[in-house]
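Dropping query.txt in here (compact mmCIF, C-alpha atoms):
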# COMPACT_ATOMS: atom_id res chain seq x y z
CA MET A 94 12.28 -9.25 19.26
CA ALA A 95 12.34 -9.39 15.51
CA THR A 96 10.20 -7.12 13.42
CA LEU A 97 10.47 -7.37 9.68
CA HIS A 98 11.11 -4.01 8.11
CA SER A 99 13.45 -2.14 5.79
CA ARG A 100 14.83 1.27 6.65
CA VAL A 101 16.48 1.90 3.34
CA PRO A 102 14.44 2.88 0.26
CA GLN A 103 15.01 0.20 -2.37
CA GLN A 104 13.67 -0.48 -5.81
CA VAL A 105 11.08 -3.23 -6.18
CA THR A 106 13.01 -5.32 -8.67
CA ALA A 107 10.08 -7.67 -9.36
CA LEU A 108 8.46 -4.72 -11.18
CA GLU A 109 11.64 -3.70 -13.00
CA LEU A 110 10.21 -4.47 -16.42
CA ALA A 111 6.97 -2.57 -15.85
CA THR A 112 6.69 1.19 -16.19
CA ILE A 113 4.81 2.33 -13.11
CA SER A 114 2.48 5.29 -13.31
CA THR A 115 1.12 5.37 -9.77
CA ALA A 116 1.07 3.45 -6.48
CA ALA A 117 -1.27 3.40 -3.49
CA CYS A 118 -0.79 2.05 0.02
CA GLY A 119 -3.46 0.39 2.08
CA SER A 120 -2.69 -0.13 5.77
CA THR A 121 -0.76 -3.37 5.10
CA HIS A 122 -0.99 -3.85 1.34
CA THR A 123 0.21 -2.03 -1.77
CA ALA A 124 -1.38 -1.57 -5.20
CA VAL A 125 0.60 -0.44 -8.22
CA LEU A 126 -0.72 0.74 -11.59
CA ALA A 127 1.49 0.27 -14.65
CA HIS A 128 1.38 2.33 -17.86
CA ASP A 129 0.09 -0.65 -19.80
CA GLY A 130 -3.06 -0.73 -17.65
CA ALA A 131 -2.10 -3.66 -15.40
CA VAL A 132 -2.62 -3.50 -11.62
CA TYR A 133 -0.14 -5.31 -9.35
CA LEU A 134 -0.90 -6.08 -5.71
CA PHE A 135 1.21 -7.32 -2.82
CA GLY A 136 1.23 -7.46 0.98
CA SER A 137 -1.46 -8.74 3.32
CA ASN A 138 -4.47 -10.60 1.88
CA SER A 139 -6.16 -11.25 5.23
CA PHE A 140 -9.21 -9.24 4.11
CA GLY A 141 -9.04 -10.27 0.45
CA GLN A 142 -7.48 -6.92 -0.39
CA LEU A 143 -5.12 -8.53 -2.94
CA GLY A 144 -8.12 -9.93 -4.78
CA ILE A 145 -7.16 -13.54 -4.02
CA ALA A 146 -9.97 -15.81 -2.90
CA ASN A 147 -7.70 -17.82 -0.62
CA ALA A 148 -7.28 -15.47 2.32
CA ASP A 149 -4.11 -17.20 3.45
CA ALA A 150 -2.26 -16.60 0.18
CA GLN A 151 1.09 -15.97 1.80
CA GLU A 152 3.09 -16.70 -1.34
CA PHE A 153 2.04 -13.33 -2.76
CA ARG A 154 3.13 -11.35 0.25
CA SER A 155 6.42 -10.11 -1.12
CA LYS A 156 5.69 -11.01 -4.72
CA PRO A 157 3.73 -8.50 -6.83
CA ARG A 158 0.79 -10.25 -8.46
CA LYS A 159 -1.11 -9.03 -11.48
CA LEU A 160 -4.80 -8.41 -10.83
CA ARG A 161 -7.18 -10.67 -12.72
CA LEU A 162 -10.87 -10.00 -12.85
CA GLU A 163 -13.58 -12.58 -13.09
CA ALA A 164 -14.82 -12.61 -16.66
CA VAL A 165 -18.46 -12.64 -15.61
CA ALA A 166 -20.73 -9.83 -14.53
CA ARG A 167 -21.95 -10.21 -10.95
CA PRO A 168 -24.69 -8.51 -9.00
CA ILE A 169 -23.67 -5.84 -6.52
CA PRO A 170 -22.39 -7.74 -3.47
CA THR A 171 -24.53 -7.52 -0.37
CA MET A 172 -21.78 -8.59 2.02
CA PRO A 173 -18.98 -6.17 2.82
CA LEU A 174 -16.36 -8.91 2.57
CA SER A 175 -15.46 -9.79 -0.98
CA SER A 176 -12.34 -11.76 -1.73
CA ASN A 177 -12.83 -11.82 -5.46
CA PRO A 178 -12.46 -8.63 -7.46
CA VAL A 179 -15.99 -7.99 -8.65
CA LEU A 180 -16.92 -5.53 -11.33
CA LEU A 181 -20.05 -3.68 -10.37
CA THR A 182 -21.35 -3.88 -13.91
CA GLN A 183 -20.62 -5.58 -17.24
CA ILE A 184 -16.96 -6.28 -17.91
CA SER A 185 -15.01 -5.87 -21.11
CA SER A 186 -12.98 -8.88 -22.17
CA ALA A 187 -9.60 -7.29 -21.47
CA PRO A 188 -9.91 -4.46 -18.98
CA LYS A 189 -7.29 -1.74 -18.98
CA PHE A 190 -7.02 0.09 -15.71
CA VAL A 191 -6.47 3.82 -15.64
CA ARG A 192 -6.91 4.73 -11.96
CA MET A 193 -6.59 2.93 -8.69
CA ALA A 194 -6.97 3.67 -5.00
CA CYS A 195 -6.71 1.85 -1.68
CA GLY A 196 -8.56 2.14 1.59
CA LEU A 197 -7.31 0.57 4.82
CA ASN A 198 -8.13 -3.00 3.84
CA TYR A 199 -9.67 -2.69 0.40
CA SER A 200 -8.74 -1.65 -3.11
CA THR A 201 -10.57 -0.16 -6.06
CA ALA A 202 -9.65 0.17 -9.70
CA LEU A 203 -11.19 1.98 -12.66
CA THR A 204 -11.06 0.74 -16.26
CA ASP A 205 -10.67 2.91 -19.36
CA THR A 206 -14.31 2.20 -20.17
CA GLY A 207 -15.40 3.83 -16.91
CA LEU A 208 -16.12 0.72 -14.87
CA VAL A 209 -15.21 0.45 -11.19
CA SER A 210 -14.08 -2.71 -9.45
CA ALA A 211 -13.76 -2.95 -5.68
CA TRP A 212 -12.55 -5.77 -3.42
CA GLY A 213 -11.35 -6.33 0.13
CA TYR A 214 -13.05 -5.29 3.32
CA VAL A 215 -14.58 -2.03 4.41
CA CYS A 216 -14.24 -2.55 8.12
CA LEU A 217 -15.49 0.65 9.69
CA SER A 218 -19.20 -0.16 9.62
CA LEU A 219 -21.73 -2.04 7.57
CA SER A 220 -23.55 1.15 6.64
CA LEU A 221 -20.34 2.66 5.29
CA SER A 222 -19.72 -0.36 3.10
CA TYR A 223 -23.19 0.03 1.67
CA THR A 224 -22.55 3.70 1.15
CA LEU A 225 -19.36 2.94 -0.74
CA ILE A 226 -20.98 0.35 -2.98
CA LEU A 227 -24.04 2.50 -3.45
CA SER A 228 -22.07 5.59 -4.36
CA LEU A 229 -20.01 3.61 -6.86
CA SER A 230 -23.10 2.17 -8.50
CA LEU A 231 -24.76 5.57 -8.52
CA SER A 232 -21.79 7.04 -10.35
CA LEU A 233 -22.14 4.24 -12.85
CA VAL A 234 -25.80 5.02 -13.39
CA ARG A 235 -25.01 8.67 -13.97
CA GLY A 236 -22.45 7.87 -16.61
CA ARG A 237 -18.78 7.18 -17.02
CA VAL A 238 -16.69 7.27 -13.91
CA SER A 239 -13.52 9.22 -14.55
CA PHE A 240 -11.78 9.16 -11.20
CA VAL A 241 -11.55 7.02 -8.08
CA ARG A 242 -10.43 8.67 -4.89
CA LEU A 243 -10.84 7.43 -1.35
CA MET B 254 13.91 16.97 -9.30
CA SER B 255 11.79 16.76 -6.20
CA ARG B 256 12.37 16.96 -2.49
CA LEU B 257 11.22 14.50 0.15
CA TYR B 258 10.84 15.37 3.82
CA VAL B 259 9.93 12.96 6.60
CA PHE B 260 9.03 13.26 10.27
CA GLY B 261 7.15 11.43 13.03
CA ALA B 262 7.31 7.79 14.08
CA CYS B 263 10.08 5.70 12.54
CA GLY B 264 10.10 2.51 14.61
CA TYR B 265 9.35 0.47 11.49
CA GLY B 266 11.79 2.32 9.28
CA GLN B 267 8.91 4.17 7.62
CA LEU B 268 10.92 7.42 7.44
CA GLY B 269 13.60 5.81 5.28
CA LEU B 270 16.34 7.00 7.62
CA PRO B 271 19.23 4.76 8.61
CA TYR B 272 20.20 4.48 12.26
CA ARG B 273 22.70 7.11 13.20
CA ASP B 274 24.39 8.29 16.37
CA GLY B 275 22.34 10.74 18.33
CA ARG B 276 19.17 10.05 16.39
CA SER B 277 16.11 8.64 18.09
CA GLU B 278 15.27 5.15 16.93
CA VAL B 279 11.52 5.59 17.22
CA GLN B 280 10.70 9.14 16.18
CA MET B 281 11.93 12.29 14.47
CA LEU B 282 10.47 15.43 15.96
CA GLU B 283 11.57 17.70 13.12
CA PRO B 284 11.33 17.27 9.35
CA VAL B 285 14.42 15.71 7.78
CA GLU B 286 15.12 15.95 4.08
CA LEU B 287 15.90 12.64 2.40
CA THR B 288 19.14 13.26 0.53
CA SER B 289 21.96 11.11 -0.77
CA GLU B 290 23.64 11.97 2.52
CA GLU B 291 20.92 9.89 4.21
CA ALA B 292 21.81 6.88 2.05
CA VAL B 293 18.83 7.48 -0.23
CA PRO B 294 19.17 6.21 -3.83
CA PRO B 295 19.62 9.27 -6.13
CA GLU B 296 16.73 8.16 -8.34
CA LEU B 297 14.35 8.67 -5.44
CA LEU B 298 14.87 12.41 -5.81
CA SER B 299 12.92 12.29 -9.08
CA ALA B 300 9.75 11.21 -7.26
CA VAL B 301 6.50 11.95 -9.06
CA HIS B 302 4.12 10.12 -6.73
CA VAL B 303 4.23 9.22 -3.02
CA SER B 304 1.83 7.09 -0.97
CA ALA B 305 2.01 6.08 2.70
CA GLY B 306 0.36 3.13 4.43
CA ALA B 307 0.06 2.44 8.15
CA ARG B 308 3.78 1.72 8.39
CA HIS B 309 5.19 1.58 4.86
CA VAL B 310 5.85 4.05 2.05
CA CYS B 311 6.05 3.71 -1.73
CA VAL B 312 7.39 6.19 -4.24
CA VAL B 313 7.08 6.22 -8.04
CA THR B 314 9.94 7.95 -9.85
CA GLU B 315 9.96 9.90 -13.11
CA ARG B 316 11.34 6.85 -14.93
CA GLY B 317 8.43 4.70 -13.75
CA THR B 318 10.25 2.63 -11.15
CA LEU B 319 8.86 1.80 -7.72
CA TYR B 320 10.75 2.26 -4.45
CA THR B 321 9.46 1.04 -1.08
CA TRP B 322 10.54 1.15 2.54
CA GLY B 323 9.18 0.66 6.05
CA ASP B 324 7.34 -2.29 7.57
CA ASN B 325 7.51 -5.56 5.61
CA GLU B 326 5.68 -7.82 8.04
CA PHE B 327 3.03 -8.65 5.41
CA GLY B 328 5.30 -8.38 2.37
CA GLN B 329 3.84 -4.96 1.58
CA LEU B 330 7.22 -3.78 0.28
CA GLY B 331 6.95 -6.19 -2.66
CA ARG B 332 10.53 -7.30 -2.17
CA SER B 333 12.69 -9.11 0.28
CA GLY B 334 14.82 -6.83 2.33
CA ARG B 335 14.71 -7.28 5.98
CA ALA B 336 16.29 -5.79 8.99
CA TYR B 337 15.55 -6.26 12.60
CA VAL B 338 14.48 -3.49 14.89
CA SER B 339 16.57 -3.41 18.03
CA GLU B 340 15.22 -4.93 21.21
CA ARG B 341 15.23 -1.55 22.92
CA ALA B 342 13.36 0.26 20.14
CA SER B 343 10.85 -2.56 19.86
CA GLU B 344 10.07 -2.50 23.56
CA ARG B 345 9.64 1.24 23.50
CA LEU B 346 7.16 0.79 20.66
CA HIS B 347 5.19 -2.16 21.94
CA GLY B 348 5.63 -2.06 25.67
CA SER B 349 6.67 -5.26 27.35
CA ARG B 350 7.22 -8.50 25.50
CA SER B 351 4.07 -10.10 26.94
CA ASN B 352 1.84 -7.34 25.54
CA ARG B 353 3.22 -7.95 22.08
CA SER B 354 2.46 -11.69 22.03
CA ASN B 355 -1.26 -11.07 21.58
CA GLN B 356 -0.72 -9.01 18.45
CA SER B 357 0.87 -11.50 16.12
CA ASN B 358 -1.96 -12.21 13.68
CA ASP B 359 -3.10 -10.21 10.66
CA HIS B 360 -6.51 -9.43 12.04
CA CYS B 361 -5.40 -7.36 14.98
CA MET B 362 -5.81 -3.62 14.86
CA ILE B 363 -2.94 -2.04 12.99
CA GLU B 364 -1.06 0.36 15.19
CA TRP B 365 -1.32 3.84 13.75
CA LEU B 366 1.92 5.48 14.68
CA PRO B 367 1.67 8.88 13.08
CA TYR B 368 4.34 9.88 10.61
CA THR B 369 4.42 12.17 7.60
CA VAL B 370 6.09 12.10 4.19
CA VAL B 371 6.08 15.36 2.23
CA TYR B 372 7.25 15.70 -1.33
CA ARG B 373 7.47 18.74 -3.54
CA ASN B 374 8.73 19.41 -7.02
CA LYS B 375 11.69 21.71 -7.20

Give the structure from the file, written as structure tokens.
Amino acid sequence: MATLHSRVPQQVTALELATISTAACGSTHTAVLAHDGAVYLFGSNSFGQLGIANADAQEFRSKPRKLRLEAVARPIPTMPLSSNPVLLTQISSAPKFVRMACGLNYSTALTDTGLVSAWGYVCLSLSLSYTLILSLSLSLVRGRVSFVRL
Amino acid sequence: MSRLYVFGACGYGQLGLPYRDGRSEVQMLEPVELTSEEAVPPELLSAVHVSAGARHVCVVTERGTLYTWGDNEFGQLGRSGRAYVSERASERLHGSRSNRSNQSNDHCMIEWLPYTVVYRNK
């Protein structure tokens, strides 16, 4: 039986030109933050955790893809499943990310202006997803968010 | 310089250890240090950040490069690079072949085979 894996640590050459500052693993996806403020995502998108609307976006599985945010402000989502990266408040025209974290099947990123974006699927329970979204929006109400940790 | 130690389940290569005589293919019961002796790229020993997923690991080095290893079923290593787990190791992991056939889509529960990666600055 064939299982795809790699035993030997190897450099991700697709990100050779970027200077990486940090990386976070979800259960089956990976998010990488570069020094220039770009976020790259790769791996499984079955829960929208790569921020791609098309859940079956297999072409990005092994190919790091730069995160793009929708350039419009959206209301706080009421459904736990969100394929599109959605900023929980007003967005700047060119967001620069400074922190990033992954849960099992979701990802979050923080811009230098203190805005949090979250996408993917919080699968443990509906109430937890509300708690997550609520706590993020509460932090926004209180002032600048300076750190995202899950 | 930093040091990396690994132990636990390694059926998906998530410990970054090559197969070797006398070594279990599915688990390491004691911590092993990742050194150049274990076929680890020397740059990995300047790790500044380590993160572990269900079955894959990524490391950021001092120079800002990214290294990955472990399961690549969903492309979570961000690179090609494939190897095939041996039939025997796979059956020990998943039970019989018929059990495995139900688990081929993305939406199934991810198996949490516990393993640990420790890193410390020298």

Output the contact residues of chain A with respect to chain B at a cut-off of 9 Å, based on all atoms listed in the file, as a compact mmCIF listing (two decimals) with C-alpha atoms, in the frame of the given file.
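Result file follows (out-v1.txt):
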# COMPACT_ATOMS: atom_id res chain seq x y z
CA MET A 94 12.28 -9.25 19.26
CA ALA A 95 12.34 -9.39 15.51
CA THR A 96 10.20 -7.12 13.42
CA LEU A 97 10.47 -7.37 9.68
CA HIS A 98 11.11 -4.01 8.11
CA SER A 99 13.45 -2.14 5.79
CA ARG A 100 14.83 1.27 6.65
CA VAL A 101 16.48 1.90 3.34
CA PRO A 102 14.44 2.88 0.26
CA GLN A 103 15.01 0.20 -2.37
CA GLN A 104 13.67 -0.48 -5.81
CA VAL A 105 11.08 -3.23 -6.18
CA THR A 106 13.01 -5.32 -8.67
CA ALA A 107 10.08 -7.67 -9.36
CA LEU A 108 8.46 -4.72 -11.18
CA GLU A 109 11.64 -3.70 -13.00
CA LEU A 110 10.21 -4.47 -16.42
CA ALA A 111 6.97 -2.57 -15.85
CA THR A 112 6.69 1.19 -16.19
CA ILE A 113 4.81 2.33 -13.11
CA SER A 114 2.48 5.29 -13.31
CA THR A 115 1.12 5.37 -9.77
CA ALA A 116 1.07 3.45 -6.48
CA ALA A 117 -1.27 3.40 -3.49
CA CYS A 118 -0.79 2.05 0.02
CA GLY A 119 -3.46 0.39 2.08
CA SER A 120 -2.69 -0.13 5.77
CA THR A 121 -0.76 -3.37 5.10
CA HIS A 122 -0.99 -3.85 1.34
CA THR A 123 0.21 -2.03 -1.77
CA VAL A 125 0.60 -0.44 -8.22
CA ALA A 127 1.49 0.27 -14.65
CA HIS A 128 1.38 2.33 -17.86
CA LEU A 134 -0.90 -6.08 -5.71
CA PHE A 135 1.21 -7.32 -2.82
CA GLY A 136 1.23 -7.46 0.98
CA SER A 137 -1.46 -8.74 3.32
CA ASN A 138 -4.47 -10.60 1.88
CA SER A 139 -6.16 -11.25 5.23
CA PHE A 140 -9.21 -9.24 4.11
CA GLN A 151 1.09 -15.97 1.80
CA PHE A 153 2.04 -13.33 -2.76
CA ARG A 154 3.13 -11.35 0.25
CA SER A 155 6.42 -10.11 -1.12
CA LYS A 156 5.69 -11.01 -4.72
CA PRO A 157 3.73 -8.50 -6.83
CA LEU A 197 -7.31 0.57 4.82

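For the pair atom CA of Ala262 of chain B and atom CA of Cys195 of chain A, the interatomic distance is 21.9 Å.
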
Separating atom CA of Thr204 of chain A from atom CA of Val371 of chain B, to the nearest tenth of an Å, is a gap of 29.1 Å

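Atom CA of Leu143 of chain A is found 24.6 Å from atom CA of Pro367 of chain B.
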
Quick one: everything within 8 Å of segment 198-202 of chain A, counting all atoms listed in the file, minus sequence neighbours fewer than 5 positions away in the same chain. Send it as a compact mmCIF listing (two decimals) with C-alpha atoms, keeping the file's coordinate frame.
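Result saved to selection.txt:
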# COMPACT_ATOMS: atom_id res chain seq x y z
CA GLY A 119 -3.46 0.39 2.08
CA SER A 120 -2.69 -0.13 5.77
CA THR A 121 -0.76 -3.37 5.10
CA HIS A 122 -0.99 -3.85 1.34
CA ALA A 124 -1.38 -1.57 -5.20
CA PHE A 140 -9.21 -9.24 4.11
CA GLY A 141 -9.04 -10.27 0.45
CA GLN A 142 -7.48 -6.92 -0.39
CA LEU A 143 -5.12 -8.53 -2.94
CA PHE A 190 -7.02 0.09 -15.71
CA VAL A 191 -6.47 3.82 -15.64
CA ARG A 192 -6.91 4.73 -11.96
CA MET A 193 -6.59 2.93 -8.69
CA VAL A 209 -15.21 0.45 -11.19
CA SER A 210 -14.08 -2.71 -9.45
CA ALA A 211 -13.76 -2.95 -5.68
CA TRP A 212 -12.55 -5.77 -3.42
CA GLY A 213 -11.35 -6.33 0.13
CA TYR A 214 -13.05 -5.29 3.32
CA VAL A 215 -14.58 -2.03 4.41
CA CYS A 216 -14.24 -2.55 8.12
CA VAL A 241 -11.55 7.02 -8.08

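For the residues A:Glu152, A:Ala131, A:Arg158, A:Gly144, ranking by smallest atom-to-atom distance to Pro188 of chain A using all atoms listed in the file places A:Ala131 first.
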
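Point (13.6, 17.2, 14.8) has the following residues at most 12 Å away: Tyr258, Val259, Phe260, Gly261, Ala262, Gly275, Arg276, Ser277, Gln280, Met281, Leu282, Glu283, Pro284, Val285 and Glu286 of chain B (atoms considered: all atoms listed in the file).
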
Go ahead and dump the residues you just picked, C-alpha atoms, as an mmCIF file, keeping the file's coordinate frame.
data_model
loop_
_atom_site.group_PDB
_atom_site.id
_atom_site.type_symbol
_atom_site.label_atom_id
_atom_site.label_comp_id
_atom_site.auth_asym_id
_atom_site.auth_seq_id
_atom_site.Cartn_x
_atom_site.Cartn_y
_atom_site.Cartn_z
ATOM 1 C CA TYR B 258 10.840 15.370 3.820
ATOM 2 C CA VAL B 259 9.930 12.960 6.600
ATOM 3 C CA PHE B 260 9.030 13.260 10.270
ATOM 4 C CA GLY B 261 7.150 11.430 13.030
ATOM 5 C CA ALA B 262 7.310 7.790 14.080
ATOM 6 C CA GLY B 275 22.340 10.740 18.330
ATOM 7 C CA ARG B 276 19.170 10.050 16.390
ATOM 8 C CA SER B 277 16.110 8.640 18.090
ATOM 9 C CA GLN B 280 10.700 9.140 16.180
ATOM 10 C CA MET B 281 11.930 12.290 14.470
ATOM 11 C CA LEU B 282 10.470 15.430 15.960
ATOM 12 C CA GLU B 283 11.570 17.700 13.120
ATOM 13 C CA PRO B 284 11.330 17.270 9.350
ATOM 14 C CA VAL B 285 14.420 15.710 7.780
ATOM 15 C CA GLU B 286 15.120 15.950 4.080
#

_Shell of 9 Å around Ser255 of chain B, all atoms listed in the file, local chain residues under 4 positions omitted, as an MDAnalysis selection string_ = chainID B and resid 297:301 372:375
